[in-house]
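The file structure-v6.cif contains mmCIF, C-alpha atoms:
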data_target
#
loop_
_atom_site.label_atom_id
_atom_site.label_comp_id
_atom_site.auth_asym_id
_atom_site.auth_seq_id
_atom_site.Cartn_x
_atom_site.Cartn_y
_atom_site.Cartn_z
CA MET A 1290 179.71 280.45 184.62
CA GLU A 1291 178.70 283.93 183.51
CA GLU A 1292 181.84 285.64 184.84
CA LEU A 1293 184.04 283.51 182.60
CA LYS A 1294 182.84 285.24 179.44
CA TYR A 1295 184.19 288.51 180.82
CA GLU A 1296 187.46 286.82 181.77
CA LEU A 1297 187.71 285.47 178.22
CA TRP A 1298 187.15 288.96 176.82
CA LEU A 1299 189.85 290.53 178.98
CA THR A 1300 192.33 287.71 178.35
CA LYS A 1301 191.95 288.18 174.59
CA LEU A 1302 191.93 292.00 174.75
CA ASP A 1303 194.89 293.58 172.95
CA ILE A 1304 196.50 295.39 175.89
CA SER A 1305 199.48 294.30 177.97
CA ASN A 1306 199.29 291.73 180.76
CA THR A 1307 200.59 294.34 183.17
CA LYS A 1308 197.66 296.65 182.44
CA LYS A 1309 195.16 293.81 182.74
CA ASN A 1310 196.62 292.79 186.08
CA ARG A 1311 196.67 296.33 187.43
CA LEU A 1312 193.10 296.99 186.36
CA THR A 1313 191.74 293.83 187.95
CA ASP A 1314 193.76 294.46 191.10
CA CYS A 1315 192.07 297.84 191.28
CA LEU A 1316 188.56 297.00 190.06
CA LYS A 1317 188.38 293.38 191.35
CA ASP A 1318 187.67 291.36 188.20
CA ALA A 1319 187.18 291.36 184.42
CA LYS A 1320 183.44 292.03 184.66
CA SER A 1321 184.13 295.23 186.59
CA VAL A 1322 186.63 296.30 183.94
CA TYR A 1323 184.10 295.58 181.19
CA GLU A 1324 181.37 297.61 182.91
CA ALA A 1325 183.65 300.60 183.62
CA ASP A 1326 183.34 303.62 181.34
CA LYS A 1327 186.30 305.61 180.06
CA HIS A 1328 186.23 308.06 182.96
CA LYS A 1329 186.27 305.28 185.57
CA LEU A 1330 189.06 303.42 183.78
CA MET A 1331 191.26 306.51 183.69
CA ALA A 1332 190.38 307.35 187.29
CA THR A 1333 192.18 304.18 188.38
CA ASN A 1334 195.46 305.77 187.21
CA MET A 1335 196.38 302.33 185.90
CA VAL A 1336 195.89 303.13 182.21
CA GLY A 1337 196.10 306.15 179.96
CA GLU A 1338 193.56 307.53 177.53
CA GLU A 1339 194.71 305.39 174.60
CA THR A 1340 194.29 302.15 176.55
CA ALA A 1341 190.98 303.29 177.98
CA ASP A 1342 189.76 303.95 174.43
CA THR A 1343 190.93 300.49 173.36
CA ILE A 1344 188.94 298.89 176.16
CA VAL A 1345 185.78 300.89 175.53
CA ASN A 1346 185.94 300.40 171.75
CA SER A 1347 186.46 296.65 172.08
CA LYS A 1348 183.02 296.33 173.69
CA ARG A 1349 181.45 297.61 170.49
CA THR A 1350 183.03 294.92 168.31
CA TYR A 1351 183.40 291.97 170.67
CA ASP A 1352 180.31 289.77 171.09
CA LEU A 1353 180.56 288.44 174.65
CA ASP A 1354 178.01 285.66 174.33
CA ALA A 1355 178.99 284.51 170.84
CA GLU A 1356 182.69 284.35 171.71
CA TYR A 1357 181.95 282.46 174.92
CA ILE A 1358 179.74 279.93 173.11
CA LYS A 1359 182.50 279.47 170.54
CA PHE A 1360 185.07 279.01 173.29
CA LYS A 1361 183.00 276.30 174.97
CA THR A 1362 183.14 274.24 171.77
CA TYR A 1363 186.91 273.89 172.26
CA ASN A 1364 188.31 271.11 174.40
CA GLN A 1365 190.00 273.54 176.78
CA LYS A 1366 189.59 275.60 179.92
CA LEU A 1367 190.58 279.11 181.01
CA ILE A 1368 191.93 280.22 184.36
CA THR A 1369 192.78 283.85 185.13
CA ARG A 1370 194.85 285.67 187.71
CA PRO A 1371 191.92 286.80 189.92
CA MET A 1372 190.76 283.16 190.27
CA GLU A 1373 191.68 281.24 193.39
CA ASP A 1374 193.36 278.31 191.60
CA PHE A 1375 195.59 280.43 189.35
CA PRO A 1376 199.23 279.29 189.94
CA GLY A 1377 200.80 281.48 192.58
CA LYS A 1378 204.22 281.11 190.95
CA LEU A 1379 202.95 282.96 187.88
CA LYS A 1380 201.41 285.86 189.79
CA ILE A 1381 204.73 287.31 190.91
CA ILE A 1382 206.84 287.26 187.74
CA LYS A 1383 207.48 290.17 185.41
CA ASN A 1384 204.80 290.42 182.74
CA ALA A 1385 202.72 287.87 184.66
CA PRO A 1386 200.15 286.28 182.33
CA TYR A 1387 196.61 287.41 182.99
CA GLY A 1388 195.03 284.22 181.70
CA LEU A 1389 196.04 280.64 180.95
CA PHE A 1390 194.28 278.38 178.50
CA TYR A 1391 194.79 274.69 179.17
CA ILE A 1392 193.83 271.17 178.19
CA GLY A 1393 194.04 268.28 180.63
CA THR A 1394 194.33 268.69 184.39
CA LEU A 1395 196.36 271.56 185.79
CA PRO A 1396 197.93 270.33 189.08
CA HIS A 1397 196.91 272.27 192.17
CA ASP A 1398 200.22 271.63 193.92
CA LEU A 1399 203.13 272.92 191.84
CA ASP A 1400 205.69 272.79 194.63
CA LYS A 1401 207.76 269.98 193.07
CA CYS A 1402 208.30 271.20 189.50
CA VAL A 1403 211.47 270.77 187.47
CA ALA A 1404 211.89 272.20 183.96
CA ILE A 1405 213.94 270.28 181.39
CA VAL A 1406 214.69 272.10 178.13
CA GLY A 1407 217.26 271.94 175.39
CA ALA A 1408 218.09 271.71 171.72
CA ARG A 1409 215.55 270.73 169.11
CA ARG A 1410 218.26 269.16 166.95
CA CYS A 1411 219.78 267.22 169.80
CA SER A 1412 222.10 264.23 169.89
CA GLU A 1413 220.95 260.75 170.84
CA TYR A 1414 222.93 261.18 174.07
CA GLY A 1415 221.05 264.36 174.95
CA ARG A 1416 217.73 262.75 174.12
CA SER A 1417 218.56 259.78 176.33
CA MET A 1418 219.64 261.97 179.27
CA ALA A 1419 216.49 264.11 179.10
CA ASN A 1420 214.35 261.00 179.04
CA GLU A 1421 216.17 259.35 181.92
CA LEU A 1422 216.24 262.45 184.11
CA ALA A 1423 212.53 263.05 183.59
CA GLU A 1424 211.70 259.43 184.30
CA GLU A 1425 213.70 259.29 187.53
CA LEU A 1426 212.38 262.64 188.76
CA SER A 1427 208.82 261.57 187.98
CA LYS A 1428 209.28 258.43 190.06
CA ARG A 1429 210.08 260.73 193.01
CA GLY A 1430 206.89 262.73 192.47
CA TYR A 1431 208.30 265.69 190.55
CA ILE A 1432 206.27 267.40 187.84
CA ILE A 1433 208.23 267.81 184.60
CA VAL A 1434 207.74 271.12 182.78
CA SER A 1435 208.91 271.73 179.21
CA GLY A 1436 207.88 273.25 175.89
CA MET A 1437 206.91 270.17 173.81
CA ALA A 1438 209.41 271.15 171.12
CA LEU A 1439 211.21 268.53 169.08
CA GLY A 1440 214.30 266.99 170.65
CA ILE A 1441 215.06 267.50 174.34
CA ASP A 1442 211.67 268.95 175.32
CA ASN A 1443 209.70 266.10 173.85
CA SER A 1444 212.07 263.51 175.32
CA ALA A 1445 211.53 264.99 178.79
CA HIS A 1446 207.75 264.74 178.44
CA VAL A 1447 208.03 261.17 177.13
CA GLY A 1448 210.24 260.18 180.07
CA ALA A 1449 207.72 261.57 182.54
CA LEU A 1450 204.81 259.83 180.87
CA LYS A 1451 206.76 256.55 180.75
CA ALA A 1452 207.05 256.71 184.55
CA ASP A 1453 203.33 257.45 184.80
CA GLY A 1454 204.29 260.90 186.08
CA VAL A 1455 202.69 264.28 185.60
CA SER A 1456 204.07 266.66 182.99
CA ILE A 1457 203.13 270.16 181.82
CA ALA A 1458 203.81 271.46 178.32
CA VAL A 1459 203.86 275.23 177.79
CA LEU A 1460 203.15 276.14 174.19
CA GLY A 1461 204.01 279.18 172.09
CA CYS A 1462 200.68 278.89 170.28
CA GLY A 1463 197.07 278.12 171.13
CA VAL A 1464 196.57 274.89 173.07
CA ASP A 1465 194.21 273.73 170.34
CA ILE A 1466 197.21 273.46 168.01
CA CYS A 1467 199.60 270.51 168.26
CA TYR A 1468 202.97 272.01 167.41
CA PRO A 1469 205.08 270.45 166.16
CA ARG A 1470 202.69 267.96 164.58
CA ASN A 1471 205.27 265.17 164.96
CA ASN A 1472 204.64 265.25 168.72
CA ILE A 1473 200.97 264.28 168.43
CA ASN A 1474 201.42 261.23 170.68
CA THR A 1475 202.95 263.42 173.40
CA TYR A 1476 200.18 265.98 172.91
CA VAL A 1477 197.54 263.30 173.49
CA GLY A 1478 199.42 261.70 176.38
CA LEU A 1479 199.83 264.97 178.28
CA GLN A 1480 196.09 265.56 178.21
CA LYS A 1481 195.62 262.29 180.08
CA LYS A 1482 198.43 262.77 182.58
CA GLY A 1483 199.14 266.44 183.05
CA ALA A 1484 198.31 269.55 181.10
CA ILE A 1485 199.05 271.58 178.00
CA ILE A 1486 198.97 275.30 178.76
CA SER A 1487 199.44 278.62 176.98
CA ASP A 1488 198.78 282.30 177.60
CA PHE A 1489 197.93 282.65 173.91
CA PRO A 1490 194.24 282.40 172.86
CA PRO A 1491 192.88 279.49 170.81
CA GLY A 1492 193.95 279.56 167.19
CA THR A 1493 197.15 281.56 167.80
CA PRO A 1494 199.78 280.23 165.34
CA PRO A 1495 203.28 279.19 166.51
CA ILE A 1496 205.25 282.21 165.31
CA ASN A 1497 208.84 282.83 166.45
CA ASN A 1498 208.03 285.88 168.59
CA ASN A 1499 205.79 283.79 170.84
CA PHE A 1500 208.46 281.44 172.13
CA PRO A 1501 210.53 283.76 174.37
CA SER A 1502 207.26 284.72 176.07
CA ARG A 1503 206.46 281.03 176.50
CA ASN A 1504 209.88 280.42 178.09
CA ARG A 1505 209.21 282.79 181.00
CA ILE A 1506 206.29 280.58 182.05
CA ILE A 1507 208.35 277.39 181.84
CA SER A 1508 210.99 278.79 184.20
CA ALA A 1509 208.42 280.39 186.51
CA LEU A 1510 206.58 277.13 187.12
CA ALA A 1511 209.80 275.27 187.98
CA ASN A 1512 211.96 275.42 191.08
CA GLN A 1513 214.92 274.06 189.14
CA VAL A 1514 215.69 274.48 185.43
CA ILE A 1515 217.83 271.88 183.67
CA ILE A 1516 219.45 272.72 180.34
CA ILE A 1517 220.45 269.73 178.20
CA GLU A 1518 222.37 270.57 175.03
CA ALA A 1519 222.23 274.20 173.95
CA ARG A 1520 224.24 276.12 171.42
CA GLU A 1521 225.74 279.53 172.27
CA LYS A 1522 222.59 281.25 171.03
CA SER A 1523 219.48 279.21 171.68
CA GLY A 1524 216.00 279.45 173.11
CA SER A 1525 217.09 277.30 176.05
CA LEU A 1526 219.50 280.02 177.16
CA ILE A 1527 216.60 282.49 177.06
CA THR A 1528 214.81 280.18 179.49
CA ALA A 1529 217.95 280.15 181.64
CA ASP A 1530 218.00 283.97 181.63
CA PHE A 1531 214.39 284.07 182.79
CA ALA A 1532 215.19 281.48 185.46
CA LEU A 1533 218.09 283.55 186.75
CA ASP A 1534 215.94 286.67 186.85
CA GLN A 1535 213.28 284.72 188.76
CA GLY A 1536 215.79 283.38 191.27
CA LYS A 1537 215.54 279.74 190.18
CA ASP A 1538 218.31 277.15 190.43
CA ILE A 1539 219.91 276.37 187.05
CA TYR A 1540 221.64 273.10 186.19
CA ALA A 1541 223.35 272.06 182.98
CA LEU A 1542 224.55 268.82 181.46
CA PRO A 1543 228.23 269.18 180.48
CA GLY A 1544 229.54 268.11 177.10
CA ARG A 1545 232.68 268.00 174.98
CA ILE A 1546 234.25 271.41 174.46
CA THR A 1547 234.48 270.71 170.73
CA ASP A 1548 230.76 270.00 170.43
CA SER A 1549 228.68 273.05 169.44
CA LEU A 1550 225.61 271.48 171.04
CA SER A 1551 227.36 271.66 174.41
CA SER A 1552 228.79 275.18 174.15
CA GLY A 1553 225.78 276.84 175.79
CA CYS A 1554 225.66 274.35 178.66
CA ASN A 1555 229.40 274.52 179.28
CA ARG A 1556 229.19 278.31 179.35
CA LEU A 1557 226.37 278.15 181.94
CA ILE A 1558 228.50 275.89 184.12
CA GLU A 1559 231.42 278.30 183.76
CA GLN A 1560 229.11 281.08 184.96
CA GLY A 1561 228.05 279.14 188.06
CA ALA A 1562 225.21 276.81 187.05
CA GLY A 1563 225.01 273.47 188.82
CA ILE A 1564 226.61 270.59 186.96
CA ILE A 1565 224.88 267.25 186.42
CA THR A 1566 227.40 264.40 186.52
CA SER A 1567 225.02 261.56 187.39
CA VAL A 1568 221.27 261.11 187.01
CA THR A 1569 220.93 259.22 190.28
CA GLY A 1570 223.26 261.61 192.09
CA PHE A 1571 221.38 264.67 190.86
CA VAL A 1572 217.97 263.27 191.81
CA ASN A 1573 219.17 262.16 195.25
CA ASN A 1574 220.81 265.52 195.88
CA LEU A 1575 217.63 267.33 194.86
CA GLU A 1576 215.67 265.25 197.35
CA ASP A 1577 218.21 265.93 200.11
CA VAL A 1578 218.06 269.68 199.47
CA ARG A 1579 214.28 269.57 199.50
CA LEU A 1580 214.05 267.61 202.74
CA ASN A 1581 216.48 269.98 204.45
CA THR A 1582 215.10 273.24 203.08
CA LEU A 1583 213.47 274.29 206.33
CA TYR A 1584 215.88 272.64 208.76
CA THR A 1585 219.47 272.82 207.53
CA ASP A 1586 222.47 272.24 209.77
CA GLU A 1587 223.36 275.90 209.38
CA TYR A 1588 219.90 276.86 210.56
CA ASP A 1589 220.18 274.62 213.63
CA ASN A 1590 223.51 276.21 214.52
CA VAL A 1591 222.34 279.79 214.26
CA ALA A 1592 218.63 279.53 215.10
CA ASP A 1593 219.13 280.90 218.59
CA VAL A 1594 220.68 284.08 217.18
CA PHE A 1595 217.40 285.24 215.63
CA THR A 1596 214.89 286.90 217.91
CA GLU A 1597 212.28 287.53 215.22
CA ILE A 1598 210.31 284.57 213.83
CA ASP A 1599 210.24 286.19 210.36
CA ASP A 1600 214.04 286.22 210.32
CA LYS A 1601 214.12 282.50 211.12
CA VAL A 1602 211.62 281.68 208.38
CA VAL A 1603 213.36 283.78 205.72
CA TYR A 1604 216.81 282.46 206.64
CA SER A 1605 215.59 278.85 206.52
CA LEU A 1606 214.52 279.36 202.90
CA LEU A 1607 217.66 281.10 201.68
CA ASP A 1608 220.14 279.00 199.72
CA TYR A 1609 223.68 279.29 198.40
CA TYR A 1610 222.11 279.93 195.00
CA PRO A 1611 220.55 283.40 194.62
CA LYS A 1612 216.84 283.78 195.36
CA SER A 1613 214.80 286.76 194.30
CA ILE A 1614 212.62 288.78 196.67
CA GLU A 1615 209.58 287.55 194.70
CA THR A 1616 210.56 283.92 195.24
CA ILE A 1617 211.08 284.45 198.97
CA ILE A 1618 207.67 286.12 199.26
CA ASN A 1619 206.07 283.21 197.42
CA GLU A 1620 207.80 280.55 199.53
CA THR A 1621 207.26 282.20 202.92
CA ASN A 1622 203.78 283.67 202.32
CA LEU A 1623 205.04 286.83 204.03
CA ASP A 1624 204.26 290.25 202.59
CA LEU A 1625 206.86 292.43 200.87
CA MET A 1626 207.62 294.71 203.84
CA ARG A 1627 208.14 291.80 206.26
CA VAL A 1628 210.46 290.03 203.83
CA LEU A 1629 212.47 293.20 203.16
CA SER A 1630 212.78 293.85 206.89
CA SER A 1631 214.06 290.33 207.53
CA ILE A 1632 216.48 290.46 204.61
CA MET A 1633 217.92 293.71 205.94
CA ASN A 1634 218.31 292.16 209.40
CA LEU A 1635 220.02 289.05 208.01
CA CYS A 1636 222.41 291.13 205.89
CA GLU A 1637 223.29 293.35 208.84
CA MET A 1638 223.99 290.29 211.02
CA GLY A 1639 226.17 288.76 208.30
CA TYR A 1640 223.96 285.77 207.53
CA ALA A 1641 222.94 286.85 204.02
CA ARG A 1642 224.08 289.13 201.25
CA GLU A 1643 222.77 290.55 197.99
CA ALA A 1644 224.33 288.46 195.18
CA PHE A 1645 222.58 290.31 192.34
CA VAL A 1646 220.03 293.12 192.32
CA ASN A 1647 217.18 291.99 194.60
CA GLN A 1648 218.58 288.44 194.75
CA TYR A 1649 220.00 287.09 198.01
CA VAL A 1650 222.07 284.15 199.25
CA LYS A 1651 222.90 282.81 202.69
CA ILE A 1652 226.59 283.08 203.65
CA LYS A 1653 226.63 281.14 206.94
#

Could you rewrite the structure in this file as structure tokens?
Amino acid sequence: MEELKYELWLTKLDISNTKKNRLTDCLKDAKSVYEADKHKLMATNMVGEETADTIVNSKRTYDLDAEYIKFKTYNQKLITRPMEDFPGKLKIIKNAPYGLFYIGTLPHDLDKCVAIVGARRCSEYGRSMANELAEELSKRGYIIVSGMALGIDNSAHVGALKADGVSIAVLGCGVDICYPRNNINTYVGLQKKGAIISDFPPGTPPINNNFPSRNRIISALANQVIIIEAREKSGSLITADFALDQGKDIYALPGRITDSLSSGCNRLIEQGAGIITSVTGFVNNLEDVRLNTLYTDEYDNVADVFTEIDDKVVYSLLDYYPKSIETIINETNLDLMRVLSSIMNLCEMGYAREAFVNQYVKIK
């Protein structure tokens, strides 16, 4: 469609995601941004003169039609934030991606997503656990999200595919590049049963600076993030940091205290992450939590206390693990002011408290 060539231009434009998102929120879509002159761009108060100049100048050097024709020769698709099917989970995070390139089929329902990440140079035990967890979760209908790296990531994807489940790989390069090349079978398999996605344009090489950015998308898509084997300083712990900031539940596989591969996981558990002691037990517990999310025993006992329906809805979605305001908004479909009002009411009544900045837990 004609509008997509403008979306491709804006996605590839060298300005921040935040500025792209603000401009399209203000002007409606990429085509409107493209057609705006410098005065109109600056009148939005969303960008300064330097960014406005960058946008205007890009139109002199960027060939809309030629780039779009070139893009269509790739075996991939593009979805952007203004589009209806863009994942809602990614709209509310910090530095939300403006566009996603993908190969395969991007699931419409991302409600049951679990991320499994860990060490590239993992042990056979870690590889086996990632594979088994992914397989068992896939059998229960969960979508497995990871980064297609060597080691734990790849084992998680393989486990999902073995169970004929759906898996999503988030890359730190263009989706037209299979990285690492050793994972070519996984790369092909995911295109048939799931998707390979990236917010980097086609042809972008897998440089180190891209991977932390990639990790924020992995954690954002998931409701739970599982860390399997991580050293004290590893990319998996960056994913865990993003997950914590996004209000996601974090779980870790424990290991021997003398094993450097387990030091990061053991530290996460020490700091309050959930501990996985059994594959079957973890999967069953996850299902129990999911089934009781809206109707917990605590909710039944205190439901009559709440006079406002918003308070009941917000309380029913709070957990004993911290949830961010953004997550609550996404899960309740309530606007910011209604959620803030309910949170204040629940805190005043003693049914919730602020665990971290803008992250809340139930306490009854």

Using all atoms listed in the file, which of the listed residues (A:Gly1377, A:Gly1440, A:Gly1454, A:Pro1494) sits closest to Glu1615 (chain A)?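 The closest residue to Glu1615 (chain A) is A:Gly1377.
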
Quick one: residues within 7 Å of Gly1448 (chain A), only C-alpha atoms counted, chain neighbours fewer than 6 positions away excluded, as number ranges by chain? A: 1420-1421, 1423-1424

Atom pair CA of Thr1362 (chain A) + CA of Asp1303 (chain A), distance 22.7 Å

Using all atoms listed in the file, the best pick from A:Lys1601, A:Leu1533, A:Ser1321, A:Met1437 as closest to Asn1471 (chain A) would be A:Met1437

Contacts of region 1508-1517 of chain A at 8 Å or less, counting all atoms listed in the file, minus same-chain residues fewer than 6 places along, as a ChimeraX atom specification? /A:1378-1379,1382,1399-1408,1415,1418-1419,1434,1441,1525-1526,1528-1529,1531-1532,1535,1537-1542,1554

Using the chain letters and numbers from the file, give me the residues hit by the PyMOL selection byres ((chain A and resi 1459-1463) around 7), as a ChimeraX atom specification. /A:1435-1436,1457-1458,1464-1466,1485-1487,1489-1495,1499-1500,1503,1507

Assuming the chain letters and numbering stay as they are in my file, what does the PyMOL selection byres ((chain A and resi 1364) around 9) actually select? List them as a list in words.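 For this structure, the PyMOL selection byres ((chain A and resi 1364) around 9) captures Phe1360, Lys1361, Thr1362, Tyr1363, Gln1365, Lys1366, Tyr1391, Ile1392, Gly1393 and Asp1465 of chain A.
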
CA of Phe1375 (chain A) to CA of Gly1388 (chain A): how many Å, to one decimal? 8.6 Å

For a quick check of understanding, using only C-alpha atoms, which of A:Tyr1357, A:Asp1352, A:His1397, A:Leu1299 has the smallest distance to Glu1373 (chain A)?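 Counting only C-alpha atoms, the residue closest to Glu1373 (chain A) is A:His1397.
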
Do you know which residues the PyMOL selection byres ((chain A and resi 1447) around 9) returns on this file, as a PyMOL selection string? chain A and resi 1420+1423-1424+1442-1446+1448-1452+1456+1475+1478

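What separates CA of Cys1467 (chain A) from CA of Glu1356 (chain A) is a distance of 22.1 Å.
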
My list of candidates is A:Leu1625, A:Ile1473, A:Ile1558, A:Leu1426. Which is closest to Phe1571 (chain A) when distances are computed with all atoms listed in the file?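 Nearest to Phe1571 (chain A): A:Leu1426.
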
Any chance you could turn region 1457-1472 of chain A into a file with N, CA, C and O atoms, as a PDB file, in the first residue's frame?
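result-v6.pdb was written with the following content:
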ATOM      1  N   ILE A1457       9.138 -16.532  19.007  1.00  0.00           N
ATOM      2  CA  ILE A1457       9.536 -15.259  18.404  1.00  0.00           C
ATOM      3  C   ILE A1457      10.997 -14.997  18.745  1.00  0.00           C
ATOM      4  O   ILE A1457      11.382 -15.027  19.918  1.00  0.00           O
ATOM      5  N   ALA A1458      11.795 -14.739  17.720  1.00  0.00           N
ATOM      6  CA  ALA A1458      13.191 -14.356  17.925  1.00  0.00           C
ATOM      7  C   ALA A1458      13.325 -12.864  17.665  1.00  0.00           C
ATOM      8  O   ALA A1458      12.870 -12.366  16.641  1.00  0.00           O
ATOM      9  N   VAL A1459      13.953 -12.157  18.603  1.00  0.00           N
ATOM     10  CA  VAL A1459      14.208 -10.723  18.448  1.00  0.00           C
ATOM     11  C   VAL A1459      15.700 -10.556  18.169  1.00  0.00           C
ATOM     12  O   VAL A1459      16.530 -10.947  18.989  1.00  0.00           O
ATOM     13  N   LEU A1460      16.019  -9.998  17.027  1.00  0.00           N
ATOM     14  CA  LEU A1460      17.415  -9.903  16.602  1.00  0.00           C
ATOM     15  C   LEU A1460      18.019  -8.524  16.874  1.00  0.00           C
ATOM     16  O   LEU A1460      17.299  -7.520  16.915  1.00  0.00           O
ATOM     17  N   GLY A1461      19.340  -8.508  17.002  1.00  0.00           N
ATOM     18  CA  GLY A1461      20.076  -7.256  17.135  1.00  0.00           C
ATOM     19  C   GLY A1461      20.696  -6.856  15.816  1.00  0.00           C
ATOM     20  O   GLY A1461      21.737  -6.185  15.783  1.00  0.00           O
ATOM     21  N   CYS A1462      20.063  -7.258  14.728  1.00  0.00           N
ATOM     22  CA  CYS A1462      20.516  -6.932  13.375  1.00  0.00           C
ATOM     23  C   CYS A1462      19.286  -6.952  12.477  1.00  0.00           C
ATOM     24  O   CYS A1462      18.169  -7.146  12.964  1.00  0.00           O
ATOM     25  N   GLY A1463      19.465  -6.750  11.180  1.00  0.00           N
ATOM     26  CA  GLY A1463      18.336  -6.846  10.273  1.00  0.00           C
ATOM     27  C   GLY A1463      17.804  -8.268  10.220  1.00  0.00           C
ATOM     28  O   GLY A1463      18.566  -9.234  10.361  1.00  0.00           O
ATOM     29  N   VAL A1464      16.495  -8.420   9.999  1.00  0.00           N
ATOM     30  CA  VAL A1464      15.924  -9.764   9.982  1.00  0.00           C
ATOM     31  C   VAL A1464      16.331 -10.548   8.735  1.00  0.00           C
ATOM     32  O   VAL A1464      16.087 -11.759   8.646  1.00  0.00           O
ATOM     33  N   ASP A1465      16.952  -9.866   7.788  1.00  0.00           N
ATOM     34  CA  ASP A1465      17.450 -10.553   6.598  1.00  0.00           C
ATOM     35  C   ASP A1465      18.800 -11.209   6.842  1.00  0.00           C
ATOM     36  O   ASP A1465      19.344 -11.865   5.956  1.00  0.00           O
ATOM     37  N   ILE A1466      19.332 -11.049   8.049  1.00  0.00           N
ATOM     38  CA  ILE A1466      20.636 -11.614   8.396  1.00  0.00           C
ATOM     39  C   ILE A1466      20.442 -12.700   9.446  1.00  0.00           C
ATOM     40  O   ILE A1466      19.874 -12.450  10.518  1.00  0.00           O
ATOM     41  N   CYS A1467      20.894 -13.904   9.155  1.00  0.00           N
ATOM     42  CA  CYS A1467      20.851 -14.981  10.140  1.00  0.00           C
ATOM     43  C   CYS A1467      22.100 -14.877  11.001  1.00  0.00           C
ATOM     44  O   CYS A1467      23.208 -15.178  10.551  1.00  0.00           O
ATOM     45  N   TYR A1468      21.910 -14.426  12.240  1.00  0.00           N
ATOM     46  CA  TYR A1468      23.047 -14.301  13.146  1.00  0.00           C
ATOM     47  C   TYR A1468      22.700 -14.929  14.487  1.00  0.00           C
ATOM     48  O   TYR A1468      21.659 -14.603  15.073  1.00  0.00           O
ATOM     49  N   PRO A1469      23.543 -15.833  14.971  1.00  0.00           N
ATOM     50  CA  PRO A1469      24.738 -16.360  14.310  1.00  0.00           C
ATOM     51  C   PRO A1469      24.374 -17.361  13.214  1.00  0.00           C
ATOM     52  O   PRO A1469      23.315 -17.980  13.266  1.00  0.00           O
ATOM     53  N   ARG A1470      25.277 -17.515  12.267  1.00  0.00           N
ATOM     54  CA  ARG A1470      25.000 -18.365  11.106  1.00  0.00           C
ATOM     55  C   ARG A1470      24.765 -19.816  11.508  1.00  0.00           C
ATOM     56  O   ARG A1470      24.049 -20.546  10.824  1.00  0.00           O
ATOM     57  N   ASN A1471      25.355 -20.230  12.628  1.00  0.00           N
ATOM     58  CA  ASN A1471      25.190 -21.614  13.100  1.00  0.00           C
ATOM     59  C   ASN A1471      23.729 -21.964  13.389  1.00  0.00           C
ATOM     60  O   ASN A1471      23.363 -23.131  13.426  1.00  0.00           O
ATOM     61  N   ASN A1472      22.906 -20.948  13.607  1.00  0.00           N
ATOM     62  CA  ASN A1472      21.498 -21.172  13.960  1.00  0.00           C
ATOM     63  C   ASN A1472      20.584 -21.121  12.740  1.00  0.00           C
ATOM     64  O   ASN A1472      19.404 -20.811  12.858  1.00  0.00           O
TER      65      ASN A1472
END
